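Everything below belongs to protein.cif, which stores mmCIF, C-alpha atoms and all ligand atoms.
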data_protein
#
loop_
_atom_site.label_atom_id
_atom_site.label_comp_id
_atom_site.auth_asym_id
_atom_site.auth_seq_id
_atom_site.Cartn_x
_atom_site.Cartn_y
_atom_site.Cartn_z
CA MET A 6 -70.33 45.41 -43.30
CA GLN A 7 -70.91 41.83 -44.47
CA VAL A 8 -74.54 40.68 -44.66
CA LYS A 9 -76.64 37.91 -46.22
CA ALA A 10 -78.56 38.91 -49.34
CA ALA A 11 -80.25 37.56 -52.50
CA VAL A 12 -78.77 38.87 -55.75
CA ALA A 13 -79.41 38.18 -59.42
CA SER A 14 -77.75 38.90 -62.75
CA GLY A 15 -78.24 38.04 -66.41
CA GLY A 16 -81.91 37.14 -65.85
CA LYS A 17 -80.79 34.03 -63.91
CA PRO A 18 -82.55 32.91 -60.68
CA PRO A 19 -81.40 34.68 -57.49
CA VAL A 20 -78.50 33.42 -55.37
CA TYR A 21 -78.38 33.77 -51.55
CA LYS A 22 -74.89 34.83 -50.49
CA ASP A 23 -72.72 37.22 -48.45
CA ILE A 24 -72.35 40.76 -49.77
CA GLN A 25 -70.70 43.95 -48.52
CA VAL A 26 -72.92 46.92 -47.62
CA GLU A 27 -71.36 50.39 -47.49
CA ALA A 28 -72.35 53.10 -44.98
CA PRO A 29 -75.45 55.03 -46.15
CA GLY A 30 -74.76 57.87 -48.61
CA ALA A 31 -76.05 61.45 -48.41
CA GLY A 32 -79.85 61.46 -48.16
CA GLU A 33 -79.96 57.74 -47.37
CA VAL A 34 -80.78 55.78 -44.26
CA ALA A 35 -79.69 52.21 -43.37
CA ILE A 36 -82.56 49.80 -42.73
CA GLU A 37 -82.24 46.54 -40.74
CA VAL A 38 -84.56 44.48 -42.90
CA ILE A 39 -87.13 42.16 -41.28
CA ALA A 40 -89.22 41.00 -44.25
CA VAL A 41 -89.45 41.69 -47.99
CA GLY A 42 -92.30 41.51 -50.51
CA TYR A 43 -92.45 38.98 -53.35
CA SER A 44 -94.58 39.64 -56.43
CA ASN A 45 -94.88 39.46 -60.22
CA LEU A 46 -92.99 42.79 -60.22
CA VAL A 47 -90.05 41.36 -58.26
CA ARG A 48 -89.82 38.36 -60.58
CA ALA A 49 -90.14 40.46 -63.75
CA ARG A 50 -87.44 42.93 -62.63
CA ALA A 51 -84.96 40.21 -61.65
CA SER A 52 -85.45 38.53 -65.02
CA GLY A 53 -85.01 41.87 -66.87
CA GLY A 54 -88.58 41.83 -68.14
CA HIS A 55 -89.99 44.95 -66.44
CA TYR A 56 -90.01 48.54 -67.68
CA SER A 57 -88.71 49.84 -64.31
CA ALA A 58 -85.59 47.62 -64.22
CA GLY A 59 -82.20 48.59 -65.54
CA SER A 60 -79.82 46.24 -67.29
CA THR A 61 -79.41 42.86 -65.59
CA ASP A 62 -75.76 42.54 -66.73
CA GLN A 63 -74.45 43.63 -63.32
CA GLU A 64 -75.28 41.62 -60.21
CA SER A 65 -77.87 43.54 -58.15
CA LEU A 66 -80.12 43.03 -55.15
CA VAL A 67 -83.49 41.38 -55.84
CA GLY A 68 -86.69 43.02 -54.56
CA VAL A 69 -88.52 46.33 -54.60
CA ASP A 70 -89.81 46.79 -51.05
CA GLY A 71 -89.75 45.56 -47.47
CA VAL A 72 -90.27 46.26 -43.80
CA GLY A 73 -87.50 46.95 -41.31
CA LYS A 74 -86.17 49.12 -38.52
CA ILE A 75 -84.16 52.26 -39.12
CA GLN A 76 -80.68 51.20 -37.97
CA GLY A 77 -79.95 52.14 -34.38
CA THR A 78 -83.65 52.72 -33.56
CA GLU A 79 -86.79 50.66 -32.92
CA GLU A 80 -88.71 52.63 -35.56
CA LEU A 81 -90.57 50.31 -37.94
CA VAL A 82 -90.99 51.44 -41.54
CA TYR A 83 -92.15 50.17 -44.89
CA PHE A 84 -89.64 51.11 -47.60
CA VAL A 85 -89.20 50.86 -51.35
CA ASN A 86 -85.93 50.84 -53.28
CA PHE A 87 -86.55 50.20 -56.95
CA ALA A 88 -84.41 52.61 -58.97
CA PRO A 89 -82.62 50.65 -61.74
CA GLY A 90 -79.91 48.49 -60.12
CA LYS A 91 -81.38 48.86 -56.60
CA GLY A 92 -83.19 46.24 -54.51
CA THR A 93 -84.20 45.18 -51.01
CA TYR A 94 -83.39 41.48 -50.42
CA SER A 95 -80.58 42.05 -47.90
CA GLU A 96 -80.19 42.05 -44.10
CA VAL A 97 -79.20 45.72 -44.34
CA VAL A 98 -80.09 48.06 -47.18
CA ASN A 99 -79.47 51.79 -47.75
CA VAL A 100 -82.64 53.55 -48.86
CA PRO A 101 -83.31 57.20 -49.84
CA LYS A 102 -84.97 58.92 -46.86
CA ASN A 103 -87.98 59.93 -48.94
CA PHE A 104 -88.72 56.26 -49.75
CA ILE A 105 -89.50 55.24 -46.16
CA TYR A 106 -93.02 55.16 -44.69
CA PRO A 107 -93.43 55.00 -40.89
CA PHE A 108 -95.81 52.50 -39.30
CA PRO A 109 -98.79 54.02 -37.45
CA LYS A 110 -98.83 54.05 -33.62
CA ASP A 111 -101.12 51.03 -33.29
CA PHE A 112 -100.28 47.76 -34.95
CA ASP A 113 -100.23 44.09 -33.98
CA GLU A 114 -97.33 41.61 -34.06
CA LYS A 115 -98.31 40.37 -37.53
CA ALA A 116 -98.14 43.85 -39.03
CA PRO A 117 -94.53 43.65 -40.37
CA ALA A 118 -95.34 40.42 -42.23
CA ARG A 119 -98.71 41.69 -43.47
CA VAL A 120 -97.24 44.93 -44.80
CA ALA A 121 -94.29 43.19 -46.47
CA ALA A 122 -96.50 40.52 -48.05
CA LEU A 123 -99.39 42.68 -49.24
CA ALA A 124 -98.13 46.21 -49.93
CA ASN A 125 -97.49 45.58 -53.63
CA GLY A 126 -100.94 44.05 -54.17
CA THR A 127 -102.63 46.81 -52.15
CA MET A 128 -100.94 49.76 -53.82
CA ALA A 129 -102.24 48.62 -57.22
CA SER A 130 -105.85 49.57 -56.57
CA PHE A 131 -105.07 52.20 -53.90
CA MET A 132 -103.02 54.22 -56.40
CA ALA A 133 -105.57 53.77 -59.18
CA LEU A 134 -108.45 55.00 -57.03
CA PHE A 135 -106.56 57.64 -55.03
CA ASP A 136 -104.83 59.33 -57.89
CA ARG A 137 -105.58 58.09 -61.37
CA VAL A 138 -109.37 57.93 -61.58
CA GLY A 139 -109.97 61.36 -60.07
CA ASP A 140 -112.86 61.54 -57.65
CA VAL A 141 -114.37 58.13 -57.05
CA PRO A 142 -118.13 58.73 -57.37
CA ALA A 143 -120.15 58.42 -54.16
CA ASP A 144 -121.66 54.92 -54.05
CA ALA A 145 -119.46 53.82 -56.95
CA LYS A 146 -119.88 50.50 -58.74
CA ILE A 147 -116.41 49.03 -59.28
CA ALA A 148 -115.49 45.89 -61.23
CA VAL A 149 -112.25 44.02 -60.53
CA LEU A 150 -110.87 42.09 -63.49
CA GLY A 151 -108.58 39.40 -62.06
CA ALA A 152 -110.43 39.33 -58.73
CA THR A 153 -109.03 35.97 -57.59
CA GLY A 154 -105.40 37.20 -57.59
CA THR A 155 -103.61 38.90 -54.70
CA ALA A 156 -104.04 42.42 -56.08
CA GLY A 157 -107.62 41.62 -57.13
CA GLN A 158 -108.66 40.34 -53.69
CA LEU A 159 -107.12 43.40 -52.07
CA ALA A 160 -108.83 45.66 -54.63
CA ILE A 161 -112.21 44.44 -53.33
CA GLN A 162 -111.30 45.59 -49.80
CA VAL A 163 -109.63 48.81 -50.96
CA SER A 164 -112.70 49.72 -53.07
CA LYS A 165 -115.13 49.25 -50.21
CA LYS A 166 -113.14 50.04 -47.05
CA ILE A 167 -110.97 52.91 -48.27
CA PHE A 168 -112.91 54.46 -51.17
CA GLY A 169 -116.50 53.77 -50.08
CA ALA A 170 -117.67 51.82 -53.15
CA LYS A 171 -121.25 50.64 -52.89
CA THR A 172 -120.97 47.65 -55.23
CA VAL A 173 -118.00 45.50 -56.20
CA VAL A 174 -118.20 42.96 -59.01
CA GLY A 175 -115.39 40.36 -59.19
CA ILE A 176 -114.43 38.94 -62.59
CA ALA A 177 -111.92 36.11 -63.19
CA ARG A 178 -111.35 33.02 -65.32
CA SER A 179 -112.14 30.36 -62.72
CA ALA A 180 -115.80 30.00 -61.72
CA GLU A 181 -114.73 27.66 -58.94
CA LYS A 182 -112.28 30.13 -57.39
CA LEU A 183 -114.83 32.92 -57.76
CA ALA A 184 -117.46 30.88 -55.91
CA LYS A 185 -115.00 30.26 -53.04
CA LEU A 186 -114.03 33.91 -52.95
CA LYS A 187 -117.68 35.01 -52.86
CA GLN A 188 -118.26 32.67 -49.92
CA SER A 189 -115.31 33.97 -47.92
CA GLN A 190 -115.53 37.67 -48.81
CA PRO A 191 -118.79 39.38 -47.80
CA LEU A 192 -117.64 42.66 -49.39
CA LEU A 193 -117.91 41.06 -52.84
CA ASP A 194 -121.41 41.67 -54.22
CA GLU A 195 -121.33 39.68 -57.45
CA VAL A 196 -118.99 37.42 -59.40
CA ILE A 197 -118.70 36.79 -63.15
CA ALA A 198 -116.58 34.13 -64.87
CA LEU A 199 -114.84 35.29 -68.05
CA ASP A 200 -116.61 32.62 -70.12
CA GLU A 201 -120.15 33.72 -69.18
CA ASP A 202 -122.18 34.89 -72.18
CA GLU A 203 -121.87 38.53 -73.24
CA ASP A 204 -125.44 39.48 -72.31
CA LYS A 205 -125.02 38.21 -68.75
CA ILE A 206 -121.68 40.02 -68.39
CA GLY A 207 -123.20 43.20 -69.84
CA GLY A 208 -126.15 42.95 -67.43
CA SER A 209 -123.81 42.73 -64.43
CA LEU A 210 -121.60 45.58 -65.65
CA ASN A 211 -124.38 47.95 -66.67
CA ASN A 212 -123.39 51.48 -65.61
CA VAL A 213 -120.25 50.35 -63.85
CA ASP A 214 -118.17 53.43 -62.88
CA ILE A 215 -114.67 51.97 -62.71
CA VAL A 216 -112.99 48.80 -63.95
CA LEU A 217 -109.71 47.87 -62.24
CA ASP A 218 -108.05 45.73 -64.89
CA PHE A 219 -105.24 43.40 -63.79
CA LEU A 220 -105.52 41.20 -66.90
CA TRP A 221 -105.54 43.23 -70.15
CA GLY A 222 -105.20 41.10 -73.31
CA LYS A 223 -108.12 39.15 -74.80
CA PRO A 224 -110.19 38.77 -71.60
CA ALA A 225 -110.21 42.54 -71.03
CA THR A 226 -111.04 43.20 -74.69
CA SER A 227 -114.18 41.05 -74.50
CA ILE A 228 -115.27 42.39 -71.09
CA LEU A 229 -114.90 45.96 -72.38
CA ALA A 230 -117.10 45.15 -75.39
CA ALA A 231 -119.79 43.68 -73.13
CA ALA A 232 -119.66 46.65 -70.74
CA VAL A 233 -119.82 49.30 -73.48
CA LYS A 234 -122.64 47.60 -75.40
CA ALA A 235 -124.73 47.17 -72.27
CA LYS A 236 -124.27 50.77 -71.04
CA ALA A 237 -127.73 52.23 -70.50
CA GLU A 238 -126.55 55.74 -69.59
CA LYS A 239 -124.03 56.50 -72.37
CA SER A 240 -122.81 59.79 -70.89
CA LYS A 241 -122.00 58.24 -67.50
CA ARG A 242 -118.22 57.98 -67.26
CA LEU A 243 -116.67 54.52 -67.32
CA SER A 244 -113.02 54.72 -66.17
CA TRP A 245 -111.07 51.69 -67.34
CA VAL A 246 -107.82 51.51 -65.36
CA GLN A 247 -105.05 49.35 -66.79
CA ILE A 248 -103.04 48.04 -63.82
CA GLY A 249 -101.64 44.65 -64.86
CA SER A 250 -101.26 42.70 -68.09
CA ILE A 251 -101.02 39.14 -66.87
CA ALA A 252 -103.28 37.85 -69.68
CA GLY A 253 -101.58 39.68 -72.58
CA GLU A 254 -99.84 42.89 -73.65
CA ASP A 255 -102.35 43.98 -76.33
CA PHE A 256 -105.86 45.30 -75.96
CA SER A 257 -108.12 46.17 -78.86
CA VAL A 258 -110.57 49.11 -78.64
CA PRO A 259 -112.90 49.78 -81.58
CA SER A 260 -112.94 53.55 -82.15
CA ALA A 261 -116.74 53.63 -81.89
CA PHE A 262 -116.49 52.66 -78.20
CA LEU A 263 -114.80 55.99 -77.48
CA ARG A 264 -117.30 58.04 -79.51
CA SER A 265 -120.51 56.29 -78.56
CA SER A 266 -120.12 56.54 -74.79
CA ASN A 267 -118.12 58.25 -72.06
CA LEU A 268 -115.22 55.80 -71.86
CA VAL A 269 -111.86 56.83 -70.39
CA ILE A 270 -108.92 54.42 -70.58
CA LEU A 271 -105.90 55.15 -68.38
CA GLY A 272 -103.04 53.36 -66.64
CA SER A 273 -101.82 53.14 -63.06
CA GLY A 274 -98.28 52.09 -62.14
CA ILE A 275 -94.86 53.43 -61.29
CA GLY A 276 -94.83 56.16 -63.95
CA PRO A 277 -98.02 58.21 -64.18
CA SER A 278 -98.31 59.64 -60.63
CA SER A 279 -96.14 62.40 -59.17
CA PRO A 280 -93.65 61.60 -56.35
CA GLU A 281 -95.93 63.46 -53.90
CA GLN A 282 -98.95 61.38 -54.93
CA ASN A 283 -96.91 58.18 -54.70
CA ARG A 284 -95.77 59.12 -51.18
CA LYS A 285 -99.35 59.70 -50.05
CA VAL A 286 -100.46 56.39 -51.55
CA LEU A 287 -97.63 54.38 -49.98
CA GLN A 288 -98.15 55.99 -46.57
CA GLY A 289 -101.87 55.17 -46.85
CA VAL A 290 -101.08 51.59 -47.88
CA THR A 291 -98.64 51.18 -44.94
CA GLU A 292 -101.20 52.45 -42.43
CA ALA A 293 -104.15 50.45 -43.80
CA LEU A 294 -102.17 47.19 -43.76
CA ALA A 295 -100.29 47.77 -40.48
CA SER A 296 -103.54 48.58 -38.68
CA GLY A 297 -105.13 45.40 -40.05
CA LYS A 298 -107.88 47.30 -41.91
CA LEU A 299 -106.87 45.40 -45.05
CA ASP A 300 -105.81 41.75 -44.88
CA ILE A 301 -105.78 38.53 -46.89
CA ASN A 302 -103.87 35.26 -46.41
CA TYR A 303 -100.10 35.20 -46.99
CA ARG A 304 -97.26 32.80 -46.19
CA GLU A 305 -93.71 33.12 -44.88
CA VAL A 306 -90.58 31.64 -46.47
CA ALA A 307 -87.02 32.24 -45.21
CA LEU A 308 -84.93 34.34 -47.60
CA ALA A 309 -82.24 31.62 -47.35
CA ASP A 310 -84.71 29.34 -49.22
CA ILE A 311 -85.24 31.74 -52.12
CA ALA A 312 -83.82 29.42 -54.82
CA GLU A 313 -86.40 26.72 -54.09
CA GLU A 314 -89.27 29.23 -53.86
CA TRP A 315 -88.25 31.04 -57.07
CA ALA A 316 -88.50 27.78 -59.05
CA LYS A 317 -92.25 27.53 -58.22
CA PRO A 318 -95.10 29.62 -59.64
CA LEU A 319 -96.20 32.48 -57.35
CA GLY A 320 -99.26 30.48 -56.29
CA ASP A 321 -102.64 31.45 -54.89
CA VAL A 322 -101.41 32.53 -51.43
CA ARG A 323 -98.85 35.33 -51.62
CA THR A 324 -95.38 34.58 -50.18
CA PHE A 325 -93.16 37.06 -48.39
CA PHE A 326 -89.53 36.40 -47.46
CA LYS A 327 -88.44 36.63 -43.82
CA VAL A 328 -84.99 38.19 -43.78
CA LYS A 329 -84.08 38.29 -40.08
N1 LIG A 401 -99.59 48.69 -61.63
C1 LIG A 401 -99.48 48.33 -60.36
O1 LIG A 401 -99.40 49.18 -59.48
C2 LIG A 401 -99.49 46.87 -60.00
C3 LIG A 401 -99.34 46.47 -58.65
C4 LIG A 401 -99.47 45.11 -58.34
C5 LIG A 401 -99.69 44.17 -59.35
N2 LIG A 401 -99.75 44.60 -60.65
C6 LIG A 401 -99.97 43.64 -61.74
O2 LIG A 401 -101.29 43.12 -61.65
C7 LIG A 401 -101.32 41.78 -62.13
C8 LIG A 401 -101.89 40.86 -61.06
O3 LIG A 401 -101.01 40.83 -59.95
P1 LIG A 401 -101.29 39.86 -58.72
O4 LIG A 401 -100.25 40.14 -57.72
O5 LIG A 401 -102.71 39.93 -58.29
O6 LIG A 401 -101.03 38.43 -59.40
P2 LIG A 401 -101.60 37.04 -58.98
O7 LIG A 401 -101.82 36.97 -57.51
O8 LIG A 401 -100.69 36.04 -59.61
O9 LIG A 401 -103.06 36.96 -59.67
C9 LIG A 401 -103.19 36.88 -61.04
C10 LIG A 401 -104.65 37.02 -61.45
O10 LIG A 401 -104.69 36.97 -62.88
C11 LIG A 401 -105.44 35.83 -63.30
N3 LIG A 401 -104.82 35.31 -64.52
C12 LIG A 401 -103.54 34.92 -64.70
N4 LIG A 401 -103.33 34.57 -65.99
C13 LIG A 401 -104.53 34.72 -66.62
C14 LIG A 401 -104.96 34.52 -67.96
N5 LIG A 401 -104.13 34.07 -68.91
N6 LIG A 401 -106.25 34.78 -68.27
C15 LIG A 401 -107.11 35.24 -67.33
N7 LIG A 401 -106.76 35.44 -66.03
C16 LIG A 401 -105.48 35.20 -65.70
C17 LIG A 401 -105.39 34.86 -62.13
O11 LIG A 401 -106.46 33.96 -62.22
P3 LIG A 401 -106.43 32.57 -61.38
O12 LIG A 401 -106.73 32.96 -59.95
O13 LIG A 401 -107.49 31.76 -62.00
O14 LIG A 401 -105.04 32.00 -61.53
C18 LIG A 401 -105.53 35.86 -60.97
O15 LIG A 401 -106.85 36.34 -60.87
C19 LIG A 401 -99.87 41.44 -62.52
O16 LIG A 401 -99.72 41.70 -63.91
C20 LIG A 401 -99.06 42.42 -61.71
O17 LIG A 401 -97.79 42.68 -62.29
C21 LIG A 401 -99.67 45.92 -60.98
#
Output the file's structure as structure tokens, nothing else.
Amino acid sequence: MQVKAAVASGGKPPVYKDIQVEAPGAGEVAIEVIAVGYSNLVRARASGGHYSAGSTDQESLVGVDGVGKIQGTEELVYFVNFAPGKGTYSEVVNVPKNFIYPFPKDFDEKAPARVAALANGTMASFMALFDRVGDVPADAKIAVLGATGTAGQLAIQVSKKIFGAKTVVGIARSAEKLAKLKQSQPLLDEVIALDEDEDKIGGSLNNVDIVLDFLWGKPATSILAAAVKAKAEKSKRLSWVQIGSIAGEDFSVPSAFLRSSNLVILGSGIGPSSPEQNRKVLQGVTEALASGKLDINYREVALADIAEEWAKPLGDVRTFFKVK
């Protein structure tokens, strides 16, 4: 079957063109794609710069996830297709059956767009808190490092609405964006700009239970120092979850930090969780977004216009591509 799709090779920007799609193989199902997600992950994989991508020598579909209907039915599903060489930016895509996540019974007309646009950002904190941290303490205090980004804004809602956090502290580089976020998001208890002085940061992070770190690099290194130095109750566990590294690949931890207090540093991403845990997380993400429990602003762009959109930075409001 001939369909429209966006493909990339050699790390070059995607091209929108006709491709041939075969009948689904054993264990696969054909999805009529409605909308696909766009994220730092999608860009990094297409350019060959992500640990989950295979070689970019061969032309392959762009994308990691999307929303569509199982071919021949009206059944709406969220799906992922991110094995090396696989993708989702196509009018029809064959997906392993165990990578599809049904919508709940009740959802509104915006649900397909909301799920496609926000699933990647939502799963970041959902997976970290569901699986990686262990039991989230009752009345937890959670800090979000990179709170003004898509995943950061969703982490505020996930922390409070899904995992029952009592206090959420948002940290980011722009005081102006933080002030706007605080005004529009009542679930956010406190905000800290990265350039505040160490004592003030330490005061706000005293006895924080979990840090969801989307930044890594130098900003995370200095926030960790402030949090560890200010810790009043040294034996209280601080779980530092590395989720993104948008501010740098390296993070420096003086050995004394790990001996002088209960500090646990761990990562959350495609690798560490089992397939069963990942399934539970993605089903939870699909239901929470489809039902509208979690929501932030997003914008629609037609997949046919991918070349123009790809040339721009991701921007403050997350884009999704409408396929059909
Ligand atoms: N492991 C996972 O499961 C998972 C899932 C989703 C995302 N991620 C990763 O998490 C990170 C954030 O994703 P996102 O979708 O939220 O991206 P985003 O919407 O582009 O947001 C990026 C955030 O990082 C901040 N930032 C960017 N560069 C910075 C720098 N040099 N110093 C300090 N702050 C900086 C931005 O601040 P401004 O608002 O001031 O620009 C914003 O708060 C990415 O690395 C992404 O790949 C991981």
Please write out the residues within 8 Å of ligand LIG 401 (chain A) as number ranges by chain, counting all atoms listed in the file. A: 44-46, 125-130, 132-133, 150-158, 177-179, 182, 199, 218-220, 224, 247-253, 272-275, 319-323
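Shortest separation to A:Ala261 among A:Lys115, A:Val233, A:Ala28, A:Asn283 occurs at residue A:Val233, atoms counted being all atoms listed in the file.
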Distance atom CA of A:Asn86-atom CA of A:Phe104, one decimal place? 7.0 Å
Non-local contacts of stretch 92-95 of chain A (9 Å; all atoms listed in the file; under 5 positions in same chain excluded) as a ChimeraX atom specification: /A:8-12,24,37-38,40-42,65-71,84-87,100,308,326,328
Counting all atoms listed in the file, give me one row per residue of stretch 22-94 of chain A with an atom at most 12 Å from an atom of stretch 292-297 of chain A, showing the shortest contact pair and its distance in Å to one decimal, sorted by chain then residue number, as a tab-separated table.
residue	atom	partner	partner_atom	distance
A:Val72	CA	A:Ala295	CA	10.7
A:Leu81	CA	A:Ala295	CA	10.4
A:Val82	CA	A:Ala295	CA	10.1
A:Tyr83	CA	A:Ala295	CA	9.6
Would you save the residues of that selection, restricted to C-alpha atoms, as a PDB file, in the coordinates of the input?
ATOM      1  CA  VAL A  72     -90.270  46.260 -43.800  1.00  0.00           C
ATOM      2  CA  LEU A  81     -90.570  50.310 -37.940  1.00  0.00           C
ATOM      3  CA  VAL A  82     -90.990  51.440 -41.540  1.00  0.00           C
ATOM      4  CA  TYR A  83     -92.150  50.170 -44.890  1.00  0.00           C
TER       5      TYR A  83
END
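Counting all atoms listed in the file, the residue from A:Glu79, A:Glu27, A:Asp144, A:Asp111 that sits nearest to A:Thr291 is A:Asp111.
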Length of the atom CA of A:Val20 to atom CA of A:Ala312 vector [Å]: 6.7 Å
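Nearest residue to A:Gln162 among A:Lys298, A:Lys110, A:Lys185, A:Lys234 is A:Lys298, counting all atoms listed in the file.
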List the neighbours of A:Glu305 out to 8 Å using all atoms listed in the file; skip same-chain residues closer than 4 positions along the sequence, and give me the result as a compact mmCIF listing (two decimals) with C-alpha atoms, keeping the file's coordinate frame.
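New file out-v5.txt:
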# COMPACT_ATOMS: atom_id res chain seq x y z
CA ALA A 118 -95.34 40.42 -42.23
CA THR A 324 -95.38 34.58 -50.18
CA PHE A 325 -93.16 37.06 -48.39
CA PHE A 326 -89.53 36.40 -47.46
CA LYS A 327 -88.44 36.63 -43.82
Could you tell me how far atom CA of A:Ala124 lies from atom CA of A:Gln282, in Å and to one decimal? 16.0 Å
Test item: residues at most 9 Å from A:Gly208, only C-alpha atoms, excluding those fewer than 3 positions along its chain, as a list in words: Glu203, Asp204, Lys205, Asn211, Ala231, Ala232, Ala235 and Lys236 of chain A
Might you pull out every residue within 12 Å of A:Ile215, with all atoms listed in the file counted and same-chain residues fewer than 5 positions away left off, and present them as a compact mmCIF listing (two decimals) with C-alpha atoms, in the coordinates of the input?
# COMPACT_ATOMS: atom_id res chain seq x y z
CA SER A 130 -105.85 49.57 -56.57
CA ALA A 133 -105.57 53.77 -59.18
CA LEU A 134 -108.45 55.00 -57.03
CA ARG A 137 -105.58 58.09 -61.37
CA VAL A 138 -109.37 57.93 -61.58
CA GLY A 139 -109.97 61.36 -60.07
CA ASP A 140 -112.86 61.54 -57.65
CA VAL A 141 -114.37 58.13 -57.05
CA PRO A 142 -118.13 58.73 -57.37
CA ASP A 144 -121.66 54.92 -54.05
CA ALA A 145 -119.46 53.82 -56.95
CA LYS A 146 -119.88 50.50 -58.74
CA ILE A 147 -116.41 49.03 -59.28
CA ALA A 148 -115.49 45.89 -61.23
CA VAL A 149 -112.25 44.02 -60.53
CA LEU A 150 -110.87 42.09 -63.49
CA ALA A 160 -108.83 45.66 -54.63
CA SER A 164 -112.70 49.72 -53.07
CA PHE A 168 -112.91 54.46 -51.17
CA ALA A 170 -117.67 51.82 -53.15
CA LYS A 171 -121.25 50.64 -52.89
CA THR A 172 -120.97 47.65 -55.23
CA VAL A 173 -118.00 45.50 -56.20
CA VAL A 174 -118.20 42.96 -59.01
CA LEU A 210 -121.60 45.58 -65.65
CA LEU A 229 -114.90 45.96 -72.38
CA ALA A 232 -119.66 46.65 -70.74
CA LYS A 241 -122.00 58.24 -67.50
CA ARG A 242 -118.22 57.98 -67.26
CA LEU A 243 -116.67 54.52 -67.32
CA SER A 244 -113.02 54.72 -66.17
CA TRP A 245 -111.07 51.69 -67.34
CA VAL A 246 -107.82 51.51 -65.36
CA GLN A 247 -105.05 49.35 -66.79
CA ASN A 267 -118.12 58.25 -72.06
CA LEU A 268 -115.22 55.80 -71.86
CA VAL A 269 -111.86 56.83 -70.39
CA ILE A 270 -108.92 54.42 -70.58
CA LEU A 271 -105.90 55.15 -68.38
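Of the listed residues A:Arg48, A:Ile39, A:Gln190, A:Val286, the one whose atoms come nearest to A:Lys317 is A:Arg48, with distances taken using all atoms listed in the file.
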Please, what is the axis-aligned box for every listed atom of stretch 169-187 of chain A with 4 Å on each side, as centre and edge lengths in Å to one decimal, as lines of an AutoDock Vina configuration file?
center_x = -116.3
center_y = 40.7
center_z = -57.7
size_x = 17.9
size_y = 34.1
size_z = 23.2
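Considering all atoms listed in the file, the residue among A:Glu114, A:Arg50, A:Asp194, A:Ile176 positioned nearest to A:Val216 is A:Ile176.
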